[in-house]
>>> print(open('model_13.cif').read())   # mmCIF, C-alpha atoms
data_entry
loop_
_atom_site.label_atom_id
_atom_site.label_comp_id
_atom_site.auth_asym_id
_atom_site.auth_seq_id
_atom_site.Cartn_x
_atom_site.Cartn_y
_atom_site.Cartn_z
CA MET A 1 0.00 0.00 0.00
CA LEU A 2 2.69 2.51 0.98
CA ARG A 3 4.57 1.89 -2.26
CA LEU A 4 1.54 2.75 -4.41
CA LEU A 5 0.62 5.75 -2.29
CA ALA A 6 4.15 7.15 -2.42
CA ALA A 7 4.30 6.88 -6.21
CA GLU A 8 0.92 8.57 -6.63
CA ALA A 9 1.82 11.29 -4.11
CA ALA A 10 5.03 11.96 -6.04
CA ARG A 11 3.03 12.27 -9.26
CA ARG A 12 0.38 14.55 -7.75
CA PHE A 13 2.38 16.72 -5.37
CA GLY A 14 5.89 16.57 -6.87
CA ALA A 15 8.12 19.30 -5.46
CA ARG A 16 5.79 20.10 -2.55
CA ALA A 17 7.54 19.49 0.77
CA ALA A 18 6.46 16.33 2.57
CA PHE A 19 8.75 17.06 5.54
CA ASP A 20 10.39 20.37 6.40
CA THR A 21 12.89 20.78 9.26
CA GLY A 22 13.46 24.48 8.63
CA SER A 23 16.97 23.80 7.34
CA VAL A 24 16.09 21.19 4.73
CA ARG A 25 12.99 20.06 2.83
CA LEU A 26 12.11 16.59 1.58
CA SER A 27 9.66 16.75 -1.32
CA PHE A 28 7.10 14.08 -2.17
CA ALA A 29 8.99 13.37 -5.39
CA GLU A 30 12.31 12.94 -3.60
CA LEU A 31 10.71 10.84 -0.86
CA ASP A 32 9.56 8.33 -3.48
CA ARG A 33 12.76 8.47 -5.54
CA LEU A 34 15.16 8.18 -2.60
CA SER A 35 13.14 5.44 -0.91
CA ASP A 36 13.36 3.44 -4.17
CA ARG A 37 17.15 3.75 -4.12
CA VAL A 38 17.40 2.92 -0.41
CA ALA A 39 15.10 -0.07 -0.93
CA ALA A 40 17.49 -1.27 -3.64
CA GLY A 41 20.39 -0.73 -1.24
CA PHE A 42 18.67 -2.61 1.58
CA ALA A 43 17.87 -5.47 -0.80
CA HIS A 44 21.50 -5.58 -1.92
CA ARG A 45 22.47 -5.97 1.74
CA GLY A 46 20.12 -8.93 2.05
CA VAL A 47 17.00 -7.37 3.56
CA ARG A 48 13.94 -9.39 2.56
CA MET A 49 10.20 -9.47 3.18
CA GLY A 50 9.49 -9.95 6.87
CA ASP A 51 12.92 -8.76 8.02
CA LEU A 52 13.14 -6.02 10.62
CA VAL A 53 14.84 -2.68 9.96
CA ALA A 54 15.68 -0.65 13.08
CA LEU A 55 15.85 3.15 12.71
CA VAL A 56 17.57 5.03 15.53
CA LEU A 57 17.69 8.53 14.08
CA PRO A 58 17.03 12.13 15.04
CA ASP A 59 14.01 13.75 13.43
CA GLY A 60 14.94 14.48 9.84
CA PRO A 61 14.36 13.41 6.23
CA GLU A 62 16.30 10.16 6.61
CA PHE A 63 13.63 8.58 8.84
CA PRO A 64 10.66 8.69 6.42
CA VAL A 65 12.89 7.73 3.48
CA CYS A 66 14.15 4.59 5.26
CA HIS A 67 10.71 3.72 6.66
CA LEU A 68 9.19 3.86 3.19
CA ALA A 69 12.13 1.95 1.69
CA ALA A 70 11.63 -0.89 4.16
CA ALA A 71 7.90 -1.00 3.40
CA LYS A 72 8.63 -1.28 -0.33
CA LEU A 73 10.54 -4.49 0.43
CA GLY A 74 7.88 -5.88 2.74
CA ALA A 75 10.24 -5.39 5.68
CA VAL A 76 9.10 -4.10 9.08
CA THR A 77 10.35 -0.77 10.43
CA ALA A 78 11.00 -0.40 14.15
CA GLY A 79 11.48 3.28 14.94
CA LEU A 80 13.29 4.32 18.11
CA THR A 81 14.21 7.75 19.39
CA CYS A 82 17.86 8.36 20.11
CA ASP A 83 17.04 8.70 23.83
CA HIS A 84 15.00 5.49 23.94
CA PRO A 85 15.57 3.89 27.36
CA ARG A 86 17.70 0.73 27.34
CA LEU A 87 18.43 1.24 23.66
CA ALA A 88 21.06 -1.49 23.27
CA GLU A 89 18.87 -3.98 25.17
CA THR A 90 15.92 -3.15 22.94
CA ILE A 91 17.95 -3.68 19.77
CA GLU A 92 19.01 -7.09 21.09
CA ARG A 93 15.40 -8.04 21.67
CA LEU A 94 14.30 -6.85 18.22
CA ASP A 95 17.25 -8.57 16.51
CA PRO A 96 16.94 -6.51 13.30
CA ALA A 97 18.47 -7.48 9.98
CA ILE A 98 19.94 -3.98 9.69
CA VAL A 99 20.36 -0.93 11.94
CA VAL A 100 20.30 2.60 10.56
CA THR A 101 21.69 5.15 12.99
CA GLY A 102 24.20 7.93 13.56
CA PRO A 103 27.88 7.51 14.51
CA ALA A 104 27.23 7.97 18.22
CA HIS A 105 24.92 4.95 18.38
CA ALA A 106 26.85 2.65 16.04
CA PRO A 107 27.87 0.26 18.89
CA ILE A 108 24.23 -0.79 19.44
CA ALA A 109 24.34 -2.76 16.17
CA ASN A 110 26.59 -5.26 17.98
CA GLY A 111 27.80 -6.99 14.84
CA ARG A 112 24.61 -6.60 12.80
CA ASP A 113 24.57 -4.94 9.39
CA LEU A 114 24.86 -1.22 9.96
CA VAL A 115 24.18 1.94 7.96
CA ILE A 116 25.84 5.01 9.46
CA VAL A 117 23.97 8.26 8.84
CA PRO A 118 26.22 11.29 9.43
CA PRO A 119 24.73 14.55 10.76
CA LEU A 120 23.01 16.60 8.11
CA ALA A 121 24.89 19.82 7.34
CA PRO A 122 22.49 22.82 7.32
CA ALA A 123 21.76 24.18 3.86
CA GLY A 124 23.05 27.66 3.18
CA GLY A 125 20.27 30.06 4.11
CA GLY A 126 18.01 27.18 5.22
CA GLY A 127 15.25 25.41 3.39
CA GLY A 128 17.37 23.53 0.84
CA GLU A 129 16.10 20.39 -0.89
CA TYR A 130 17.21 17.08 0.61
CA ARG A 131 18.86 14.85 -2.01
CA GLY A 132 19.95 11.93 0.13
CA GLU A 133 23.39 13.30 1.02
CA THR A 134 23.45 11.54 4.40
CA LEU A 135 22.13 8.22 3.08
CA ARG A 136 24.87 7.53 0.54
CA ALA A 137 25.87 4.36 2.41
CA ALA A 138 22.40 2.92 1.74
CA LEU A 139 21.68 4.28 -1.74
CA ARG A 140 21.92 2.06 -4.80
CA ASN A 141 21.29 3.46 -8.27
CA GLU A 142 19.02 0.73 -9.57
CA PRO A 143 15.30 -0.06 -9.44
CA PRO A 144 13.94 -1.54 -6.22
CA PRO A 145 12.65 -5.12 -6.20
CA PRO A 146 9.26 -5.64 -7.88
CA PRO A 147 6.05 -4.84 -5.96
CA LEU A 148 4.78 -7.43 -3.51
CA PRO A 149 1.30 -8.98 -3.70
CA PRO A 150 -1.25 -7.32 -1.39
CA ASP A 151 -1.36 -8.81 2.09
CA PRO A 152 -3.43 -7.03 4.76
CA LEU A 153 -1.76 -9.06 7.52
CA ARG A 154 1.83 -8.22 6.52
CA PRO A 155 3.47 -6.24 9.35
CA VAL A 156 4.70 -2.78 8.39
CA ALA A 157 5.67 -0.89 11.54
CA ILE A 158 6.63 -1.43 15.15
CA VAL A 159 5.70 1.60 17.25
CA PHE A 160 6.81 1.84 20.86
CA THR A 161 4.43 3.04 23.53
CA ALA A 162 5.37 6.16 25.45
CA GLY A 163 6.66 4.22 28.44
CA THR A 164 4.85 6.41 30.97
CA THR A 165 3.73 3.47 33.11
CA GLY A 166 6.68 1.12 32.53
CA PRO A 167 9.20 0.19 29.84
CA PRO A 168 8.06 1.16 26.32
CA LYS A 169 6.34 -1.78 24.61
CA PRO A 170 6.72 -2.59 20.89
CA VAL A 171 3.32 -2.52 19.14
CA VAL A 172 2.95 -4.14 15.71
CA PHE A 173 0.83 -2.57 12.96
CA ALA A 174 0.15 -4.31 9.63
CA ASN A 175 -1.28 -3.17 6.30
CA ARG A 176 -4.80 -3.78 7.62
CA GLN A 177 -4.44 -1.27 10.43
CA LEU A 178 -2.76 1.30 8.20
CA ALA A 179 -5.59 0.97 5.67
CA ALA A 180 -8.15 1.61 8.43
CA ILE A 181 -6.25 4.67 9.65
CA ARG A 182 -5.98 5.93 6.08
CA ALA A 183 -9.73 5.49 5.50
CA ASN A 184 -10.49 7.33 8.73
CA GLY A 185 -8.03 10.17 8.12
CA ALA A 186 -8.26 10.70 4.36
CA GLY A 187 -11.13 8.64 2.95
CA ALA A 188 -11.07 8.40 -0.84
CA ARG A 189 -9.95 11.96 -1.55
CA TRP A 190 -6.50 13.09 -2.64
CA GLY A 191 -5.04 16.39 -1.51
CA GLY A 192 -6.57 18.90 0.84
CA GLY A 193 -4.11 18.35 3.66
CA ASP A 194 -2.99 21.61 5.23
CA ALA A 195 0.44 21.98 6.82
CA ARG A 196 0.96 20.71 10.36
CA LEU A 197 3.64 21.05 13.01
CA LEU A 198 4.46 17.57 14.30
CA SER A 199 3.99 17.40 18.07
CA ARG A 200 5.85 14.11 18.55
CA PRO A 201 9.16 12.65 17.35
CA LEU A 202 8.91 10.71 14.09
CA PRO A 203 9.05 7.17 15.57
CA TYR A 204 5.69 7.65 17.33
CA VAL A 205 2.23 6.96 15.93
CA GLY A 206 1.82 10.39 14.32
CA VAL A 207 4.07 9.39 11.40
CA MET A 208 4.68 5.65 11.67
CA THR A 209 1.01 4.69 11.37
CA ARG A 210 -0.28 7.82 9.63
CA LEU A 211 2.16 7.98 6.75
CA PRO A 212 -0.61 6.78 4.36
CA VAL A 213 -2.69 9.82 5.38
CA LEU A 214 0.26 12.21 4.95
CA LEU A 215 0.95 10.83 1.48
CA GLN A 216 -2.65 10.88 0.28
CA THR A 217 -3.50 14.35 1.58
CA GLY A 218 -0.25 15.95 0.39
CA ARG A 219 0.34 17.46 3.80
CA THR A 220 3.59 19.17 4.68
CA SER A 221 4.81 18.04 8.10
CA HIS A 222 6.97 20.67 9.81
CA ILE A 223 9.56 19.57 12.34
CA ILE A 224 11.00 21.60 15.20
CA ALA A 225 13.00 19.00 17.12
CA SER A 226 12.93 20.83 20.46
CA TRP A 227 9.13 21.21 20.19
CA ALA A 228 8.53 17.56 19.28
CA CYS A 229 10.85 16.29 22.00
CA SER A 230 9.03 18.36 24.64
CA TRP A 231 5.84 16.29 24.25
CA ALA A 232 6.68 14.24 27.37
CA ALA A 233 6.93 17.24 29.70
CA GLY A 234 4.22 16.74 32.27
CA VAL A 235 3.32 13.36 30.76
CA GLY A 236 6.35 11.20 31.61
CA PRO A 237 8.76 9.63 31.53
CA ALA A 238 10.77 11.89 33.72
CA ALA A 239 12.86 8.79 33.45
CA ARG A 240 14.84 10.01 30.48
CA GLU A 241 18.39 10.28 31.72
CA GLY A 242 19.57 13.84 32.26
CA TRP A 243 16.16 15.38 31.53
CA ASP A 244 14.21 17.31 34.17
CA GLY A 245 10.80 17.06 32.48
CA GLU A 246 10.62 20.74 31.52
CA PRO A 247 9.81 21.79 27.94
CA ARG A 248 12.82 23.16 26.06
CA PHE A 249 11.54 24.97 23.01
CA ASP A 250 11.29 28.57 21.91
CA ALA A 251 7.58 29.41 22.00
CA VAL A 252 8.07 32.53 19.89
CA ARG A 253 9.84 30.49 17.20
CA VAL A 254 6.93 28.03 17.12
CA TRP A 255 4.38 30.85 16.76
CA HIS A 256 6.41 32.42 13.96
CA LEU A 257 6.52 29.10 12.09
CA LEU A 258 2.77 28.69 12.45
CA GLU A 259 2.27 32.18 11.00
CA ARG A 260 4.82 31.82 8.19
CA GLU A 261 3.58 28.40 7.05
CA ARG A 262 -0.10 29.24 7.57
CA VAL A 263 -0.65 26.23 9.82
CA GLY A 264 -4.39 26.00 10.47
CA VAL A 265 -4.54 23.27 13.12
CA LEU A 266 -2.24 23.43 16.14
CA GLN A 267 -1.74 20.11 17.93
CA GLY A 268 0.20 19.54 21.13
CA THR A 269 0.28 18.20 24.65
CA PRO A 270 -1.13 20.27 27.52
CA VAL A 271 2.36 21.45 28.52
CA GLN A 272 3.31 22.37 24.95
CA LEU A 273 0.07 24.28 24.45
CA ALA A 274 0.22 25.98 27.85
CA THR A 275 3.74 27.21 27.08
CA LEU A 276 2.59 28.63 23.75
CA ALA A 277 -0.45 30.26 25.32
CA GLY A 278 1.81 31.74 27.96
CA ALA A 279 3.86 33.49 25.27
CA VAL A 280 0.64 35.05 23.97
CA GLY A 281 -0.37 36.06 27.49
CA GLU A 282 3.00 37.72 28.05
CA ALA A 283 2.46 39.72 24.83
CA ALA A 284 5.59 38.19 23.31
CA VAL A 285 3.64 37.33 20.16
CA ASP A 286 0.22 37.67 18.64
CA PRO A 287 -1.72 34.49 17.85
CA PRO A 288 -1.23 33.55 14.17
CA ALA A 289 -4.20 34.59 12.10
CA PHE A 290 -4.34 31.26 10.26
CA VAL A 291 -4.77 29.00 13.30
CA ARG A 292 -8.42 27.94 13.27
CA MET A 293 -8.41 25.07 15.78
CA VAL A 294 -6.35 23.57 18.60
CA LEU A 295 -6.07 19.80 19.19
CA CYS A 296 -4.98 18.77 22.68
CA SER A 297 -3.40 15.33 22.84
CA GLY A 298 -0.99 13.20 24.82
CA ALA A 299 -2.40 13.75 28.33
CA PRO A 300 -5.58 14.96 30.02
CA ALA A 301 -6.13 18.70 29.63
CA SER A 302 -7.65 20.61 32.52
CA ALA A 303 -10.80 22.64 32.00
CA THR A 304 -8.75 25.71 32.97
CA LEU A 305 -6.26 25.11 30.16
CA VAL A 306 -8.99 24.47 27.59
CA ARG A 307 -10.69 27.75 28.52
CA MET A 308 -7.40 29.67 28.49
CA LEU A 309 -6.51 28.39 25.04
CA ARG A 310 -9.95 29.22 23.71
CA GLU A 311 -9.88 32.73 25.17
CA ARG A 312 -6.32 33.66 24.18
CA LEU A 313 -6.37 32.16 20.71
CA GLY A 314 -10.02 32.75 19.90
CA VAL A 315 -10.52 29.34 18.25
CA PRO A 316 -12.19 26.04 19.19
CA VAL A 317 -10.19 23.64 21.36
CA CYS A 318 -10.69 19.90 20.82
CA ASN A 319 -9.52 16.80 22.68
CA ARG A 320 -8.21 13.59 21.15
CA TYR A 321 -7.97 10.29 23.00
CA LEU A 322 -6.52 6.86 22.26
CA CYS A 323 -3.84 4.50 23.45
CA THR A 324 -1.03 3.47 21.12
CA GLU A 325 -2.41 -0.06 20.87
CA ALA A 326 -5.83 1.12 19.66
CA GLY A 327 -4.65 2.96 16.53
CA LEU A 328 -7.76 5.18 16.50
CA GLY A 329 -9.92 6.58 19.27
CA LEU A 330 -12.28 9.32 20.37
CA GLY A 331 -12.45 13.09 20.22
CA THR A 332 -14.45 16.24 20.56
CA GLY A 333 -15.33 18.40 17.56
CA PRO A 334 -14.97 22.13 16.86
CA ASP A 335 -18.75 22.54 16.76
CA ASP A 336 -19.40 20.68 20.00
CA PRO A 337 -20.46 22.61 23.12
CA ALA A 338 -17.49 24.13 24.94
CA GLU A 339 -17.98 21.92 27.99
CA ASP A 340 -17.38 18.77 25.92
CA ALA A 341 -13.63 19.49 25.67
CA GLU A 342 -13.50 20.84 29.23
CA GLU A 343 -15.08 17.77 30.83
CA THR A 344 -14.71 14.82 28.43
CA VAL A 345 -12.57 13.24 25.71
CA GLY A 346 -15.55 13.13 23.37
CA ARG A 347 -17.29 10.43 21.39
CA PRO A 348 -15.95 7.58 19.22
CA ARG A 349 -15.39 8.27 15.53
CA PRO A 350 -17.21 6.19 12.90
CA GLY A 351 -16.08 2.57 12.91
CA ILE A 352 -14.72 2.74 16.45
CA ASP A 353 -16.40 0.99 19.38
CA VAL A 354 -15.91 1.99 23.00
CA ASP A 355 -16.99 -0.01 26.02
CA VAL A 356 -16.65 0.29 29.80
CA ARG A 357 -16.31 -2.93 31.80
CA ASP A 358 -15.92 -4.01 35.41
CA ALA A 359 -12.96 -5.96 36.79
CA GLY A 360 -14.54 -9.21 35.63
CA GLY A 361 -14.93 -8.02 32.05
CA ARG A 362 -18.69 -7.42 32.23
CA PRO A 363 -19.92 -4.30 30.36
CA LEU A 364 -21.40 -1.70 32.69
CA THR A 365 -25.04 -0.90 32.08
CA ARG A 366 -26.44 2.53 31.37
CA GLU A 367 -28.05 2.54 34.80
CA GLU A 368 -24.79 1.68 36.55
CA MET A 369 -22.88 4.47 34.85
CA ASP A 370 -25.73 6.91 35.57
CA ARG A 371 -25.30 6.01 39.25
CA GLY A 372 -21.66 7.08 39.02
CA GLU A 373 -20.01 3.69 38.59
CA ALA A 374 -16.88 3.55 36.45
CA GLY A 375 -14.88 0.76 34.85
CA GLU A 376 -12.04 0.09 32.45
CA VAL A 377 -12.25 1.71 29.02
CA LEU A 378 -11.83 -0.61 26.03
CA LEU A 379 -11.57 0.30 22.32
CA ARG A 380 -12.14 -1.72 19.16
CA SER A 381 -11.74 -0.94 15.45
CA GLN A 382 -9.97 -2.21 12.35
CA ALA A 383 -6.98 -0.10 13.46
CA VAL A 384 -6.32 -2.01 16.70
CA MET A 385 -2.79 -3.42 16.78
CA SER A 386 -1.88 -6.88 15.56
CA GLY A 387 -0.25 -7.42 18.94
CA TYR A 388 2.97 -6.79 20.80
CA PHE A 389 6.22 -7.88 19.20
CA ARG A 390 6.84 -11.55 20.06
CA ASP A 391 4.96 -11.35 23.37
CA PRO A 392 1.84 -13.56 23.34
CA GLY A 393 1.49 -13.23 27.10
CA ALA A 394 1.17 -9.46 26.84
CA ASP A 395 -1.27 -9.91 23.95
CA ALA A 396 -3.49 -12.11 26.11
CA ARG A 397 -3.56 -9.47 28.83
CA ALA A 398 -4.24 -6.60 26.41
CA PHE A 399 -7.06 -8.13 24.32
CA ALA A 400 -10.54 -9.10 25.39
CA LYS A 401 -12.02 -12.17 23.68
CA ASP A 402 -14.26 -10.03 21.46
CA GLY A 403 -11.38 -8.02 19.95
CA PHE A 404 -11.53 -5.00 22.25
CA VAL A 405 -8.17 -3.77 23.51
CA ARG A 406 -7.83 -2.68 27.13
CA THR A 407 -6.63 0.91 27.50
CA GLY A 408 -5.83 0.73 31.20
CA ASP A 409 -7.97 3.84 31.78
CA GLN A 410 -10.88 4.12 34.14
CA GLY A 411 -13.97 6.06 33.09
CA TYR A 412 -17.63 6.10 32.22
CA ILE A 413 -19.88 7.13 29.33
CA ASP A 414 -22.56 9.73 30.00
CA GLN A 415 -26.04 9.86 28.50
CA LEU A 416 -24.78 11.95 25.58
CA GLY A 417 -22.27 9.26 24.60
CA ARG A 418 -19.25 11.21 25.83
CA LEU A 419 -16.39 9.43 27.58
CA HIS A 420 -15.21 10.79 30.94
CA LEU A 421 -11.80 9.66 32.24
CA ILE A 422 -11.20 9.49 35.98
CA GLY A 423 -7.83 7.73 36.27
CA ARG A 424 -5.76 4.65 35.55
CA ILE A 425 -6.45 1.01 36.40
CA SER A 426 -3.84 -0.25 38.85
CA GLY A 427 -1.40 -2.71 37.24
CA SER A 428 -2.60 -2.02 33.70
CA ASN A 429 -0.71 -3.74 30.88
CA THR A 430 -1.39 -1.24 28.10
CA SER A 431 0.21 2.13 27.53
CA ASN A 432 -0.78 5.37 29.15
CA PRO A 433 -3.64 7.09 27.33
CA ASP A 434 -2.51 9.12 24.37
CA LYS A 435 -5.02 11.83 23.58
CA SER A 436 -3.76 11.83 20.05
CA ALA A 437 -5.15 13.61 17.02
CA LYS A 438 -6.03 11.88 13.81
CA GLU A 439 -4.41 13.53 10.85
CA ASP A 440 -7.55 15.07 9.42
CA THR A 441 -10.49 16.51 11.30
#
>>> encode(input="model_13.cif", output="structure tokens")
Amino acid sequence: MLRLLAAEAARRFGARAAFDTGSVRLSFAELDRLSDRVAAGFAHRGVRMGDLVALVLPDGPEFPVCHLAAAKLGAVTAGLTCDHPRLAETIERLDPAIVVTGPAHAPIANGRDLVIVPPLAPAGGGGGEYRGETLRAALRNEPPPPPLPPDPLRPVAIVFTAGTTGPPKPVVFANRQLAAIRANGAGARWGGGDARLLSRPLPYVGVMTRLPVLLQTGRTSHIIASWACSWAAGVGPAAREGWDGEPRFDAVRVWHLLERERVGVLQGTPVQLATLAGAVGEAAVDPPAFVRMVLCSGAPASATLVRMLRERLGVPVCNRYLCTEAGLGLGTGPDDPAEDAEETVGRPRPGIDVDVRDAGGRPLTREEMDRGEAGEVLLRSQAVMSGYFRDPGADARAFAKDGFVRTGDQGYIDQLGRLHLIGRISGSNTSNPDKSAKEDT
């Protein structure tokens, strides 16, 4: 699927930037062309369908190129941030066929095939076109292997959970889940995707599972590394070595990017958004005229923050909710009453089922929830993960028999169909809730 989408996106959107770091741009045409050449290079090194390719890279054009290259071979991409906890141990567990990383992390390959990606030199004046300069070790100037037959069950990506309640867990997504996310985020249309500022590092669900949506809508994804890496402030894990949990980004720079690139939808965690709103409150900047909506994701947002954002920016504020394992989830809409985003995480989107169950797995009745009883929140859709990587025991704990996945959250559904969260289930197996936005609203 990704191979066909990338080729069509290159044809339709050509020189339009798919990813823009501020110092370098990767166009849709170059994304397809370079991923073909890297796929040929991976194949020459022996990577085959079903093999695992580990990417340990900073946010930049190399990550989407290599992810797409692996998909074109039928290989599985495992994306890890450079500060992933227990990185060497995780690579040993994954046992990839090839590791793509920078010089500083080369030892984690531990004898495996290795592609070293040197730091990308800034283009003179900024904004230059990326031509694969840092991927020369992987490029091969020949056509990639022929397309593979369709297989909805073929794994494509391994996405790690945030690790807020324990070690990050590797979640497997196949073509079937990516197709469901694409249908939910883009439908049958091509184009129409406005620019966005990525609120998370590239290895997380925002790119790894939503690349089909980015390709089909022609959206430009802007990257400010310090902004994306600040997502965990106030969420966890304060466990990252040498990091005090405070956001480290220039709020004025972010506002200026939003204005310059005419970004219409601002997405971020509560701490990211509160820091930006604070810059407006201190009169450091004026809210960009093009921002028409705010999406709050990654952690519960207080009613106070939702009201502050709405008042200072003058636009609707919406919540998004899912866990990594669910793929898709719930949300509030820009036309919903203001109290929906202040008090709830909204209603399920089409094709997504939500249920609330007691400790024995019995669904709570309407009468019980009206009396104030709460239970564990479960989600089900075609986007729910295939399972954890080589961990059937964890799969058994995460899945109910009817295909629902346990979120580990405690809540209830009110008479209007809105989900209220009240906390976490003690000892939960699944990842912390990720109030995460779908790519199109």
>>> resolve_selection(input="model_13.cif", expression="the PyMOL selection byres ((chain A and resi 91) around 12)", output="CSV table (one decimal) with C-alpha atoms, in the coordinates of the input")
chain,number,residue,atom,x,y,z
A,52,LEU,CA,13.1,-6.0,10.6
A,53,VAL,CA,14.8,-2.7,10.0
A,54,ALA,CA,15.7,-0.6,13.1
A,55,LEU,CA,15.8,3.2,12.7
A,56,VAL,CA,17.6,5.0,15.5
A,78,ALA,CA,11.0,-0.4,14.2
A,79,GLY,CA,11.5,3.3,14.9
A,80,LEU,CA,13.3,4.3,18.1
A,84,HIS,CA,15.0,5.5,23.9
A,85,PRO,CA,15.6,3.9,27.4
A,86,ARG,CA,17.7,0.7,27.3
A,87,LEU,CA,18.4,1.2,23.7
A,88,ALA,CA,21.1,-1.5,23.3
A,89,GLU,CA,18.9,-4.0,25.2
A,90,THR,CA,15.9,-3.2,22.9
A,92,GLU,CA,19.0,-7.1,21.1
A,93,ARG,CA,15.4,-8.0,21.7
A,94,LEU,CA,14.3,-6.8,18.2
A,95,ASP,CA,17.2,-8.6,16.5
A,96,PRO,CA,16.9,-6.5,13.3
A,97,ALA,CA,18.5,-7.5,10.0
A,98,ILE,CA,19.9,-4.0,9.7
A,99,VAL,CA,20.4,-0.9,11.9
A,100,VAL,CA,20.3,2.6,10.6
A,101,THR,CA,21.7,5.2,13.0
A,105,HIS,CA,24.9,5.0,18.4
A,106,ALA,CA,26.8,2.6,16.0
A,107,PRO,CA,27.9,0.3,18.9
A,108,ILE,CA,24.2,-0.8,19.4
A,109,ALA,CA,24.3,-2.8,16.2
A,110,ASN,CA,26.6,-5.3,18.0
A,111,GLY,CA,27.8,-7.0,14.8
A,112,ARG,CA,24.6,-6.6,12.8
A,170,PRO,CA,6.7,-2.6,20.9
>>> atom_distance(input="model_13.cif", atom1="atom CA of Gly163 of chain A", atom2="atom CA of Ala186 of chain A")
29.1 Å
>>> resolve_selection(input="model_13.cif", expression="the PyMOL selection byres ((chain A and resi 307-321) around 6)", output="list in words")
Pro287, Arg292, Met293, Val294, Leu295, Cys296, Ser297, Thr304, Leu305, Val306, Leu322, Gly329, Leu330, Gly331, Thr332, Gly333, Pro334, Ala341, Val345, Asp434, Lys435, Ser436 and Ala437 of chain A
>>> resolve_selection(input="model_13.cif", expression="the PyMOL selection byres ((chain A and resi 362) around 12)", output="PyMOL selection string")
chain A and resi 355-361+363-365+368+374-378+400-402
>>> closest_residue(input="model_13.cif", among="A:Ala40, A:Ala157, A:Leu148, A:Val115", to="Arg176 of chain A", atoms="only C-alpha atoms")
A:Ala157
>>> residues_around(input="model_13.cif", residues="Phe404 of chain A", least_positions_apart="5", cutoff="7 Å", atoms="all atoms listed in the file", output="number ranges by chain")
A: 378-380, 399
>>> closest_residue(input="model_13.cif", among="A:Ala162, A:Ala15, A:Ile223, A:Leu197", to="Gly268 of chain A", atoms="all atoms listed in the file")
A:Leu197
>>> closest_residue(input="model_13.cif", among="A:Phe290, A:Tyr130, A:Tyr204, A:Trp255", to="Cys323 of chain A", atoms="only C-alpha atoms")
A:Tyr204
